[in-house]
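Novice: Okay, so here is entry-v3.cif, and as you'll see once you scroll down, it has mmCIF, C-alpha atoms and all ligand atoms.
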```cif
data_coords
#
loop_
_atom_site.label_atom_id
_atom_site.label_comp_id
_atom_site.auth_asym_id
_atom_site.auth_seq_id
_atom_site.Cartn_x
_atom_site.Cartn_y
_atom_site.Cartn_z
CA MET K 20 64.37 28.64 -100.44
CA SER K 21 61.22 28.83 -98.26
CA ASN K 22 58.34 26.44 -98.93
CA PRO K 23 55.06 28.38 -99.32
CA ASN K 24 53.04 25.40 -98.04
CA ASP K 25 54.70 25.78 -94.62
CA SER K 26 52.87 29.12 -94.24
CA VAL K 27 49.28 28.02 -94.86
CA ASP K 28 48.41 27.85 -91.13
CA ASN K 29 49.83 31.32 -90.59
CA VAL K 30 47.48 33.05 -92.98
CA SER K 31 44.80 35.09 -91.18
CA PRO K 32 41.57 33.12 -90.72
CA VAL K 33 39.82 36.21 -92.09
CA TRP K 34 40.52 34.67 -95.49
CA THR K 35 38.00 31.94 -95.03
CA HIS K 36 37.87 30.95 -98.67
CA LEU K 37 41.44 29.66 -98.79
CA LEU K 38 42.23 27.11 -101.40
CA ASP K 39 44.23 24.11 -100.23
CA THR K 40 46.14 24.70 -103.39
CA PRO K 41 47.18 28.35 -103.72
CA LEU K 42 46.93 30.14 -107.01
CA VAL K 43 50.22 30.63 -108.80
CA ARG K 44 49.41 32.23 -112.14
CA GLY K 45 46.79 34.14 -114.10
CA GLN K 46 46.65 34.72 -117.84
CA GLY K 47 43.74 36.02 -119.87
CA ALA K 48 40.52 34.42 -118.64
CA TYR K 49 42.32 31.68 -116.68
CA VAL K 50 44.05 31.12 -113.33
CA TRP K 51 46.21 28.13 -112.36
CA ASP K 52 46.72 26.61 -108.93
CA SER K 53 49.91 25.08 -107.58
CA THR K 54 48.98 21.60 -108.85
CA GLY K 55 48.73 22.95 -112.39
CA ARG K 56 44.93 22.83 -112.47
CA ARG K 57 43.46 25.51 -114.70
CA TYR K 58 40.22 27.37 -113.91
CA LEU K 59 38.13 29.60 -116.15
CA ASP K 60 37.96 32.69 -113.96
CA PHE K 61 34.54 34.27 -114.34
CA THR K 62 35.06 36.28 -111.15
CA SER K 63 37.77 38.52 -112.66
CA GLY K 64 39.25 38.67 -109.15
CA ILE K 65 35.96 40.32 -108.03
CA GLY K 66 35.60 42.52 -111.06
CA VAL K 67 39.18 43.75 -111.21
CA VAL K 68 40.88 42.23 -114.24
CA ASN K 69 38.57 43.57 -116.93
CA THR K 70 41.48 43.37 -119.40
CA GLY K 71 42.08 39.75 -118.35
CA HIS K 72 44.84 38.46 -116.11
CA SER K 73 48.23 39.95 -116.91
CA HIS K 74 47.35 41.58 -120.19
CA PRO K 75 50.70 41.92 -122.03
CA ARG K 76 50.21 45.63 -122.64
CA VAL K 77 49.52 46.33 -118.95
CA VAL K 78 52.42 44.11 -117.87
CA GLU K 79 54.75 45.96 -120.23
CA ALA K 80 53.67 49.35 -118.86
CA VAL K 81 54.27 48.11 -115.30
CA ARG K 82 57.72 46.73 -116.23
CA LYS K 83 58.73 49.93 -117.92
CA GLN K 84 57.56 52.17 -115.07
CA ALA K 85 59.10 49.91 -112.40
CA GLY K 86 62.48 50.55 -114.01
CA LEU K 87 61.88 54.29 -113.92
CA GLY K 88 60.72 54.48 -110.30
CA LEU K 89 58.40 52.49 -108.06
CA HIS K 90 57.33 55.40 -105.90
CA LEU K 91 57.53 58.95 -107.17
CA GLN K 92 55.72 60.64 -104.30
CA ALA K 93 52.65 62.57 -105.39
CA ASN K 94 52.43 64.50 -102.10
CA ILE K 95 55.74 66.33 -101.89
CA GLY K 96 55.22 69.27 -104.15
CA PHE K 97 55.05 67.31 -107.41
CA VAL K 98 52.68 65.22 -109.38
CA HIS K 99 54.22 62.60 -111.62
CA GLU K 100 53.97 62.20 -115.35
CA PRO K 101 52.14 58.83 -115.40
CA MET K 102 49.38 60.45 -113.31
CA LEU K 103 49.04 63.24 -115.87
CA ARG K 104 48.95 60.71 -118.71
CA LEU K 105 46.30 58.74 -116.84
CA ILE K 106 44.20 61.87 -116.38
CA ALA K 107 44.44 62.55 -120.11
CA ALA K 108 43.14 59.03 -120.78
CA LEU K 109 40.39 59.32 -118.16
CA LYS K 110 39.21 62.61 -119.65
CA GLU K 111 38.37 60.68 -122.83
CA VAL K 112 36.05 58.29 -121.01
CA VAL K 113 34.43 59.97 -117.99
CA PRO K 114 31.59 62.52 -118.46
CA PRO K 115 33.26 65.79 -119.54
CA GLU K 116 31.72 67.72 -116.63
CA LEU K 117 33.83 65.65 -114.20
CA ASP K 118 37.13 67.17 -115.19
CA THR K 119 39.16 66.99 -111.97
CA PHE K 120 40.65 63.86 -110.43
CA PHE K 121 41.96 62.65 -107.09
CA PHE K 122 43.60 59.25 -106.59
CA SER K 123 43.85 56.76 -103.73
CA ASN K 124 44.45 53.02 -103.37
CA SER K 125 41.26 51.04 -102.77
CA GLY K 126 37.59 51.38 -103.58
CA ALA K 127 36.76 52.03 -99.94
CA GLU K 128 39.32 54.81 -99.73
CA ALA K 129 37.86 56.49 -102.80
CA VAL K 130 34.32 56.29 -101.36
CA GLU K 131 35.69 57.85 -98.17
CA ALA K 132 37.27 60.59 -100.28
CA ALA K 133 33.94 61.28 -101.98
CA VAL K 134 32.11 61.47 -98.66
CA LYS K 135 34.75 63.68 -97.05
CA LEU K 136 34.69 66.02 -100.05
CA ALA K 137 30.88 66.15 -99.95
CA ARG K 138 30.78 66.92 -96.23
CA GLN K 139 33.49 69.58 -96.37
CA ALA K 140 32.20 71.24 -99.53
CA THR K 141 28.56 71.45 -98.44
CA HIS K 142 29.12 71.97 -94.68
CA ARG K 143 26.39 69.37 -94.21
CA PRO K 144 26.84 66.19 -92.15
CA ASN K 145 24.51 63.49 -93.47
CA ILE K 146 24.65 60.95 -96.28
CA ILE K 147 21.80 58.94 -97.77
CA ALA K 148 22.87 55.49 -98.94
CA PHE K 149 20.79 52.51 -100.08
CA GLN K 150 19.74 49.23 -98.53
CA ARG K 151 21.75 46.27 -99.87
CA SER K 152 24.58 48.56 -101.06
CA PHE K 153 28.25 47.78 -100.63
CA HIS K 154 30.85 50.54 -100.45
CA GLY K 155 33.75 48.96 -98.54
CA ARG K 156 34.95 47.82 -95.15
CA THR K 157 36.75 50.76 -93.55
CA VAL K 158 34.91 52.28 -90.58
CA GLY K 159 33.47 55.01 -92.79
CA THR K 160 32.44 52.80 -95.69
CA MET K 161 31.06 49.90 -93.66
CA SER K 162 28.78 52.52 -92.10
CA LEU K 163 27.50 53.18 -95.63
CA THR K 164 27.24 49.46 -96.42
CA SER K 165 24.13 47.43 -95.75
CA SER K 166 24.47 44.46 -98.09
CA LYS K 167 25.13 42.01 -95.23
CA THR K 168 25.49 42.26 -91.46
CA VAL K 169 28.74 40.28 -91.64
CA TYR K 170 30.47 43.53 -92.62
CA ARG K 171 29.20 45.33 -89.50
CA VAL K 172 28.83 42.77 -86.73
CA GLY K 173 31.15 43.40 -83.79
CA TYR K 174 32.15 46.84 -85.07
CA GLN K 175 29.26 49.01 -83.91
CA PRO K 176 28.79 51.88 -83.22
CA LEU K 177 29.60 53.06 -86.69
CA MET K 178 30.00 56.47 -88.29
CA ALA K 179 26.96 58.64 -87.56
CA GLY K 180 24.96 60.59 -90.12
CA VAL K 181 24.08 57.73 -92.48
CA PHE K 182 20.48 57.06 -93.54
CA PHE K 183 19.33 54.19 -95.74
CA ALA K 184 16.55 54.19 -98.33
CA PRO K 185 15.45 51.10 -100.29
CA TYR K 186 17.19 50.53 -103.64
CA ALA K 187 15.00 50.19 -106.75
CA TYR K 188 15.08 46.39 -106.71
CA CYS K 189 11.85 45.77 -108.60
CA TYR K 190 11.87 41.98 -108.19
CA ARG K 191 11.92 42.41 -104.40
CA CYS K 192 9.86 45.55 -104.06
CA PRO K 193 7.38 44.95 -101.21
CA LYS K 194 4.43 45.59 -103.53
CA ALA K 195 5.67 43.02 -106.04
CA GLU K 196 6.54 40.44 -103.38
CA ALA K 197 3.07 40.74 -101.87
CA ASN K 198 1.40 40.64 -105.25
CA PRO K 199 3.64 39.17 -107.98
CA GLU K 200 1.12 39.94 -110.75
CA LEU K 201 1.86 43.61 -110.14
CA TYR K 202 5.51 43.11 -110.99
CA SER K 203 6.86 43.26 -114.46
CA ALA K 204 10.38 43.90 -115.69
CA ASN K 205 9.12 47.23 -117.01
CA CYS K 206 7.58 48.27 -113.72
CA ARG K 207 8.14 52.02 -113.31
CA CYS K 208 6.60 52.89 -109.96
CA ASP K 209 7.79 55.85 -107.89
CA TRP K 210 8.00 53.94 -104.63
CA PRO K 211 11.82 54.02 -104.17
CA LEU K 212 11.96 57.76 -104.93
CA GLU K 213 9.04 58.40 -102.60
CA GLN K 214 11.05 56.64 -99.87
CA VAL K 215 14.01 58.98 -100.45
CA ARG K 216 11.71 61.99 -100.26
CA PHE K 217 10.17 60.57 -97.10
CA LEU K 218 13.65 60.20 -95.56
CA LEU K 219 14.30 63.87 -96.33
CA LYS K 220 11.06 64.78 -94.56
CA SER K 221 11.35 62.41 -91.63
CA GLN K 222 14.98 61.75 -90.71
CA THR K 223 17.60 63.86 -92.49
CA ALA K 224 16.52 67.34 -93.50
CA PRO K 225 17.75 68.48 -96.93
CA GLU K 226 19.80 71.29 -95.34
CA GLU K 227 21.65 68.63 -93.32
CA THR K 228 22.10 66.19 -96.21
CA ALA K 229 25.44 66.47 -98.00
CA ALA K 230 25.06 63.67 -100.54
CA ILE K 231 23.13 60.73 -101.89
CA LEU K 232 25.52 57.83 -102.53
CA VAL K 233 24.38 55.19 -105.01
CA GLU K 234 25.70 52.29 -107.07
CA PRO K 235 24.28 52.71 -110.60
CA VAL K 236 24.01 48.91 -110.73
CA LEU K 237 23.90 47.20 -107.35
CA GLY K 238 26.97 44.96 -107.08
CA GLU K 239 27.62 42.92 -103.95
CA GLY K 240 23.98 43.51 -102.96
CA GLY K 241 22.62 41.42 -105.84
CA TYR K 242 23.47 42.63 -109.36
CA VAL K 243 20.35 44.72 -109.62
CA VAL K 244 19.78 47.06 -112.56
CA PRO K 245 17.43 49.86 -111.49
CA PRO K 246 14.92 51.45 -113.86
CA PRO K 247 16.50 54.58 -115.43
CA GLU K 248 13.79 56.66 -113.74
CA PHE K 249 15.31 55.80 -110.36
CA LEU K 250 18.70 57.35 -111.04
CA ARG K 251 17.18 60.25 -112.96
CA GLY K 252 14.81 60.86 -110.05
CA LEU K 253 17.72 60.89 -107.61
CA ARG K 254 19.43 63.50 -109.81
CA GLU K 255 16.26 65.62 -109.67
CA ILE K 256 16.00 65.35 -105.88
CA CYS K 257 19.67 66.33 -105.54
CA ASP K 258 19.19 69.33 -107.83
CA GLU K 259 16.09 70.42 -105.96
CA TYR K 260 17.86 70.49 -102.59
CA ASP K 261 21.51 71.21 -103.55
CA ILE K 262 22.48 67.73 -102.41
CA LEU K 263 25.46 66.14 -104.15
CA LEU K 264 24.96 62.92 -106.09
CA ILE K 265 27.83 60.44 -105.67
CA MET K 266 27.90 57.43 -107.98
CA ASP K 267 29.99 54.46 -106.94
CA GLU K 268 31.23 52.88 -110.18
CA VAL K 269 33.81 50.74 -108.40
CA GLN K 270 32.31 47.47 -109.65
CA SER K 271 30.30 48.68 -112.65
CA GLY K 272 32.99 50.81 -114.29
CA PHE K 273 35.62 50.34 -116.98
CA GLY K 274 33.52 48.61 -119.60
CA ARG K 275 31.89 46.10 -117.30
CA THR K 276 28.30 46.89 -118.31
CA GLY K 277 28.94 47.31 -122.04
CA LYS K 278 29.48 51.06 -121.69
CA PHE K 279 32.61 52.62 -120.25
CA PHE K 280 30.62 53.54 -117.13
CA ALA K 281 27.21 52.23 -116.11
CA LEU K 282 25.90 55.76 -115.66
CA GLU K 283 25.92 56.12 -119.48
CA HIS K 284 23.00 53.67 -119.67
CA PHE K 285 20.89 56.05 -117.61
CA GLY K 286 21.92 59.45 -118.95
CA VAL K 287 22.69 60.75 -115.47
CA VAL K 288 25.83 62.65 -114.51
CA PRO K 289 26.71 62.65 -110.81
CA ASP K 290 28.62 65.36 -108.95
CA ILE K 291 31.25 62.86 -107.85
CA MET K 292 32.09 59.56 -109.51
CA VAL K 293 34.03 56.88 -107.62
CA MET K 294 36.22 54.37 -109.45
CA ALA K 295 38.59 51.51 -108.56
CA LYS K 296 38.81 47.77 -109.39
CA GLY K 297 38.92 47.71 -113.25
CA LEU K 298 40.85 50.98 -113.32
CA ALA K 299 44.34 49.49 -113.10
CA SER K 300 43.84 45.79 -114.00
CA GLY K 301 44.85 44.62 -110.51
CA LEU K 302 47.27 47.19 -109.21
CA PRO K 303 45.85 49.03 -106.21
CA LEU K 304 44.48 52.29 -107.56
CA SER K 305 41.22 54.15 -107.06
CA GLY K 306 40.00 57.65 -107.59
CA ILE K 307 37.23 60.16 -107.72
CA ALA K 308 36.26 62.55 -110.49
CA ALA K 309 34.33 65.77 -109.91
CA ARG K 310 33.80 69.23 -111.31
CA ARG K 311 36.78 71.53 -110.72
CA GLU K 312 34.63 74.05 -108.82
CA LEU K 313 33.54 71.33 -106.37
CA MET K 314 37.01 69.80 -105.97
CA ALA K 315 38.34 73.33 -105.26
CA ARG K 316 36.19 73.45 -102.13
CA TRP K 317 38.27 70.65 -100.59
CA LYS K 318 40.78 72.07 -98.14
CA GLU K 319 44.34 71.40 -99.26
CA GLY K 320 46.02 68.68 -97.22
CA SER K 321 42.78 67.62 -95.53
CA HIS K 322 42.74 64.27 -97.32
CA GLY K 323 45.32 62.00 -98.91
CA GLY K 324 47.69 59.13 -98.22
CA THR K 325 51.26 58.06 -98.77
CA TYR K 326 50.60 55.70 -101.65
CA GLY K 327 47.57 57.31 -103.31
CA GLY K 328 48.08 57.53 -107.08
CA ASN K 329 51.15 55.32 -107.05
CA VAL K 330 53.21 55.82 -110.16
CA VAL K 331 53.32 52.16 -111.29
CA ALA K 332 49.57 51.82 -110.69
CA CYS K 333 48.94 54.98 -112.74
CA ALA K 334 51.02 53.56 -115.61
CA ALA K 335 49.01 50.32 -115.41
CA ALA K 336 45.77 52.31 -115.43
CA GLU K 337 46.70 54.32 -118.51
CA ALA K 338 47.59 51.06 -120.30
CA THR K 339 44.29 49.56 -119.11
CA ILE K 340 42.21 52.38 -120.60
CA ARG K 341 44.12 52.27 -123.88
CA THR K 342 43.66 48.48 -124.03
CA LEU K 343 39.92 48.76 -123.37
CA GLN K 344 39.66 51.35 -126.15
CA GLU K 345 41.94 49.86 -128.77
CA GLU K 346 40.86 46.23 -128.35
CA HIS K 347 37.19 47.29 -128.31
CA LEU K 348 36.62 45.44 -125.06
CA VAL K 349 33.65 47.57 -124.05
CA GLU K 350 31.91 46.61 -127.27
CA ASN K 351 32.87 42.98 -126.64
CA ALA K 352 31.24 43.19 -123.21
CA ALA K 353 28.04 44.56 -124.76
CA ARG K 354 27.95 41.91 -127.51
CA LEU K 355 28.78 38.89 -125.36
CA GLY K 356 26.65 40.28 -122.53
CA SER K 357 23.54 40.10 -124.74
CA LYS K 358 24.38 36.51 -125.61
CA LEU K 359 24.98 35.64 -121.95
CA LEU K 360 21.68 37.17 -120.88
CA ALA K 361 19.75 35.44 -123.68
CA ARG K 362 21.13 31.98 -122.92
CA LEU K 363 20.58 32.36 -119.18
CA GLN K 364 17.01 33.47 -119.84
CA GLU K 365 16.52 30.32 -121.93
CA MET K 366 17.81 28.24 -118.98
CA GLN K 367 15.40 30.11 -116.69
CA LYS K 368 12.49 28.68 -118.72
CA GLN K 369 13.64 25.14 -117.90
CA HIS K 370 14.55 25.77 -114.25
CA PRO K 371 11.89 27.13 -111.88
CA SER K 372 14.63 27.62 -109.28
CA ILE K 373 15.78 30.64 -111.31
CA GLY K 374 13.59 33.53 -110.22
CA GLU K 375 15.21 36.25 -112.28
CA VAL K 376 18.06 36.79 -114.74
CA ARG K 377 19.16 40.41 -115.11
CA GLY K 378 22.14 42.52 -115.97
CA LEU K 379 23.96 44.84 -118.31
CA GLY K 380 26.93 43.79 -120.44
CA LEU K 381 29.11 41.31 -118.58
CA MET K 382 27.57 42.15 -115.19
CA VAL K 383 24.78 39.61 -114.94
CA GLY K 384 23.01 38.05 -111.96
CA VAL K 385 21.01 34.82 -111.70
CA GLU K 386 18.69 34.89 -108.69
CA PHE K 387 17.76 31.50 -107.20
CA VAL K 388 14.44 31.03 -105.41
CA VAL K 389 12.43 28.17 -104.02
CA PRO K 390 10.25 27.14 -107.00
CA GLY K 391 6.73 28.47 -106.93
CA GLY K 392 7.52 31.72 -105.11
CA ARG K 393 10.25 34.22 -104.40
CA THR K 394 11.83 32.78 -101.25
CA PRO K 395 15.59 33.18 -101.70
CA ASP K 396 17.41 29.86 -102.12
CA LYS K 397 20.99 30.30 -100.98
CA ASP K 398 21.70 26.57 -100.85
CA ARG K 399 20.83 26.14 -104.50
CA ALA K 400 23.10 29.05 -105.49
CA LYS K 401 25.92 27.57 -103.41
CA SER K 402 25.57 24.07 -104.80
CA VAL K 403 25.48 25.31 -108.41
CA GLN K 404 28.53 27.48 -107.70
CA GLN K 405 30.37 24.49 -106.20
CA ALA K 406 29.46 22.20 -109.11
CA CYS K 407 30.86 24.80 -111.51
CA ARG K 408 34.02 25.01 -109.44
CA ASP K 409 34.35 21.22 -109.53
CA ASN K 410 34.27 21.59 -113.32
CA ASP K 411 36.92 24.31 -113.39
CA LEU K 412 34.66 27.34 -113.67
CA LEU K 413 34.96 30.01 -110.97
CA LEU K 414 31.80 32.03 -110.24
CA LEU K 415 30.87 34.22 -107.27
CA THR K 416 27.62 34.60 -105.40
CA CYS K 417 26.18 37.86 -104.09
CA GLY K 418 23.05 39.35 -102.55
CA THR K 419 22.00 39.89 -98.94
CA GLU K 420 20.56 36.38 -98.90
CA GLY K 421 23.52 34.91 -100.84
CA ASN K 422 21.13 33.47 -103.43
CA ILE K 423 22.44 35.17 -106.54
CA ILE K 424 25.21 33.92 -108.81
CA ARG K 425 27.04 36.76 -110.47
CA TRP K 426 28.62 36.59 -113.89
CA ILE K 427 31.56 38.94 -114.07
CA PRO K 428 34.11 37.52 -116.52
CA PRO K 429 37.07 39.43 -117.93
CA LEU K 430 36.00 41.55 -120.89
CA ILE K 431 38.56 39.83 -123.14
CA ILE K 432 36.65 36.54 -123.21
CA ASN K 433 35.69 35.17 -126.59
CA GLU K 434 32.55 33.35 -127.67
CA ARG K 435 34.10 29.92 -127.14
CA GLU K 436 35.05 30.68 -123.52
CA LEU K 437 31.59 32.06 -122.85
CA ASP K 438 29.97 28.95 -124.35
CA THR K 439 32.22 26.69 -122.28
CA ALA K 440 31.21 28.50 -119.10
CA LEU K 441 27.52 28.44 -119.99
CA ASP K 442 27.68 24.70 -120.77
CA ILE K 443 29.30 24.00 -117.39
CA PHE K 444 26.65 26.14 -115.67
CA GLU K 445 23.80 24.42 -117.51
CA ARG K 446 25.10 20.98 -116.54
CA ALA K 447 25.38 22.15 -112.93
CA LEU K 448 21.75 23.32 -113.02
CA ASP K 449 20.64 19.98 -114.44
CA ASN K 450 22.64 17.88 -111.99
CA GLN K 451 22.19 19.74 -108.70
N1 LIG K 501 32.21 50.01 -103.90
C1 LIG K 501 31.74 48.97 -104.59
C2 LIG K 501 30.53 49.15 -105.47
C3 LIG K 501 32.39 47.73 -104.52
O1 LIG K 501 31.91 46.68 -105.21
C4 LIG K 501 33.51 47.60 -103.69
C5 LIG K 501 34.20 46.30 -103.55
O2 LIG K 501 33.71 45.27 -103.88
C6 LIG K 501 33.96 48.73 -102.98
C7 LIG K 501 33.29 49.92 -103.12
C8 LIG K 501 35.15 48.63 -102.08
O3 LIG K 501 36.31 48.47 -102.82
P1 LIG K 501 37.64 47.89 -102.13
O4 LIG K 501 37.37 46.46 -101.82
O5 LIG K 501 38.70 48.09 -103.17
O6 LIG K 501 37.87 48.71 -100.91
#
```
As structure tokens, what does this structure read like?
Ligand code: PLP
Specialist:
Amino acid sequence: MSNPNDSVDNVSPVWTHLLDTPLVRGQGAYVWDSTGRRYLDFTSGIGVVNTGHSHPRVVEAVRKQAGLGLHLQANIGFVHEPMLRLIAALKEVVPPELDTFFFSNSGAEAVEAAVKLARQATHRPNIIAFQRSFHGRTVGTMSLTSSKTVYRVGYQPLMAGVFFAPYAYCYRCPKAEANPELYSANCRCDWPLEQVRFLLKSQTAPEETAAILVEPVLGEGGYVVPPPEFLRGLREICDEYDILLIMDEVQSGFGRTGKFFALEHFGVVPDIMVMAKGLASGLPLSGIAARRELMARWKEGSHGGTYGGNVVACAAAEATIRTLQEEHLVENAARLGSKLLARLQEMQKQHPSIGEVRGLGLMVGVEFVVPGGRTPDKDRAKSVQQACRDNDLLLLTCGTEGNIIRWIPPLIINERELDTALDIFERALDNQ
């Protein structure tokens, strides 16, 4: 039998975060490496395993479907039954207006699908996206991504027709940074919406703008919750100019924020919703949902892929949605999320290096700054993250400046696991 350790040097250097000791198992909120060391995984595999690692119900659905067929092609004149069952489950949780579904494999592919649909349906070329957003790493989606230059460097020129407006990141709004007394968590200024309107006057005319693409809660770019007025204002601008609103729920969906989808917090329904990650508990599946009339404007055969809507992944996704519903995991995310936020805000009072704590449900960010101001402190975020890792707690950072620690645990965690993680984090803050 081959020895996996003989292959370590043959893994692409692109995976720069390689463990010396590869992971071998995941169960619930934990992962184990090859030495048997157990970690509390508060990364959820970057927001994927909302039902926890290898939830028995999802595993059973995968086992059962694998025995019935691994690949029942969805592009040869049939759809398959697990896809229809998945759609029935999705119809219970997505806004009822978005009644038509298309499936692909990754988040980036689904964003591409949304953009292609928007361009073809409106006959308009341009897309407005937001500074600090992340939508993927394909050529199309990295052109829509501006969370970090690392995703773009060496790949220019990118897809044309993309224009960026500032996200409603109140803590780092230029007015607030220049004059911190102006900033409050309830700040409701129109500046970000004015910037979108300015873009429509100065760079991409409404009649050439197909869509505005937005994350309802900024993920990779810093775990930023915008004021509801921001997303509602975007909806109004879209309605005024017949521009489509695309919401990327890839990271914020499937119970993560304490609602099934983050958009429910804001009372805004987009024209196209993008989903992936938490959809299938780890199997590669993504999709878009839109109104039937809009989806019907997509030319048949003009988009798709061999594996999109794979039958085993669809079975896993149906089981995922049923698990989230029947085990009340969305409610658990809301309940434990409030506790998480409250305890982190208590820690903020003791630690001037914490500039802001913010989030919804179990999607919470802790922004580190140099005490006394708002200068991002990436080193502090890194050292706290490493100290947690040394104590068997896995956390991720995010943000353009890398100075934010994100809390994104599986939604199945219980109070004891949350307390354990918070204790480890607090000790790391005290000792670093
Ligand atoms: N959109 C958002 C909001 C994401 O967070 C991500 C991934 O992190 C993507 C799109 C891209 O998804 P994938 O990595 O599956 O291509």
Novice: Select, from K:His99, K:Lys135, K:Arg341, K:Arg354, the residue with the minimum atom-to-atom distance to Ala80 (chain K), counting only C-alpha atoms.
Specialist: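 Ranked by minimum distance to Ala80 (chain K), first place goes to K:Arg341.
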Novice: May I ask you to write as a ChimeraX atom specification all residues lying at most 6 Å from ligand LIG 501 (chain K), with all atoms listed in the file counted?
Specialist: /K:125-127,153-155,234,238-239,267,269-270
Novice: Kindly indicate which residue among K:Cys417, K:Leu232, K:Cys407, K:Ala93 lies nearest to Val330 (chain K), using all atoms listed in the file for the distances.
Specialist: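 Smallest distance to Val330 (chain K) is found for K:Ala93.
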Novice: CA of Ala361 (chain K) and CA of Ile340 (chain K) are how many Å apart?
Specialist: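 So the answer is 28.3 Å.
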Novice: Env of Gly301 (chain K): 9 Å cut, atoms = all atoms listed in the file, seq-sep filter 5 positions within chain, self excluded. Answer as a ChimeraX atom specification.
Specialist: /K:64,67-68,72-73,296,332,335
Novice: Counting all atoms listed in the file, give me one row per residue of region 53-140 of chain K with an atom at most 12 Å from an atom of region 163-184 of chain K, showing the shortest contact pair and its distance in Å to one decimal, sorted by chain then residue number, as CSV.
Specialist:
```
residue,atom,partner,partner_atom,distance
K:Ala127,CA,K:Leu163,CA,10.3
K:Val130,CA,K:Leu163,CA,9.4
K:Glu131,CA,K:Leu163,CA,9.8
K:Val134,CA,K:Leu163,CA,10.0
K:Arg138,CA,K:Gly180,CA,10.5
```
Novice: Check the smallest atom-to-atom distance from each of K:Gly328, K:Gly380, K:Arg254, K:Ala336 to Val98 (chain K) using all atoms listed in the file, then report the winner.
Specialist: K:Gly328
Novice: Give the answer as one residue: which of K:Val385, K:Leu430, K:Ala308, K:Val81 has the shortest atom-to-atom distance to Leu415 (chain K), using all atoms listed in the file?
Specialist: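 Among K:Val385, K:Leu430, K:Ala308, K:Val81, it is K:Val385 that comes nearest to Leu415 (chain K).
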Novice: Could you name the residues that touch Gly45 (chain K) at 9 Å or less, counting all atoms listed in the file, but leaving out those on the same chain fewer than 4 positions away, as a list in words?
Specialist: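 Using all atoms listed in the file, the neighbours found are Tyr49, Val50, Trp51, Asp60, Gly71, His72 and Ser73 of chain K.
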Novice: Which is closest to Met266 (chain K) among K:Ser357, K:Asn351, K:Ser152, K:Asn329, if we use all atoms listed in the file?
Specialist: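 Closest to Met266 (chain K), using all atoms listed in the file: K:Ser152.
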Novice: So that I can check the surroundings of Cys208 (chain K), please list as a PyMOL selection string every protein, DNA and RNA residue that reaches within 10 Å of it, counting all atoms listed in the file and ignoring chain neighbours fewer than 5 positions away.
Specialist: chain K and resi 187+189+192+194+202+213+246+248-249
Novice: Let me see the file: selected residues, C-alpha atoms, as a short mmCIF file (atom, residue, chain, number, x, y, z; two decimals), keeping the file's coordinate frame.
Specialist:
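That gives us selection.cif:
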```cif
data_model
loop_
_atom_site.label_atom_id
_atom_site.label_comp_id
_atom_site.auth_asym_id
_atom_site.auth_seq_id
_atom_site.Cartn_x
_atom_site.Cartn_y
_atom_site.Cartn_z
CA ALA K 187 15.00 50.19 -106.75
CA CYS K 189 11.85 45.77 -108.60
CA CYS K 192 9.86 45.55 -104.06
CA LYS K 194 4.43 45.59 -103.53
CA TYR K 202 5.51 43.11 -110.99
CA GLU K 213 9.04 58.40 -102.60
CA PRO K 246 14.92 51.45 -113.86
CA GLU K 248 13.79 56.66 -113.74
CA PHE K 249 15.31 55.80 -110.36
#
```
Novice: When you draw a straight line from CA of Asp409 (chain K) to CA of Asn24 (chain K), how long is it in Å?
Specialist: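 Interatomic distance, CA of Asp409 (chain K) to CA of Asn24 (chain K): 22.3 Å.
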Novice: Hey, what's within 10 Å of Trp317 (chain K) if we count only C-alpha atoms and toss same-chain stuff fewer than 2 positions away? As a ChimeraX atom specification, please?
Specialist: /K:135-141,312-315,319-322
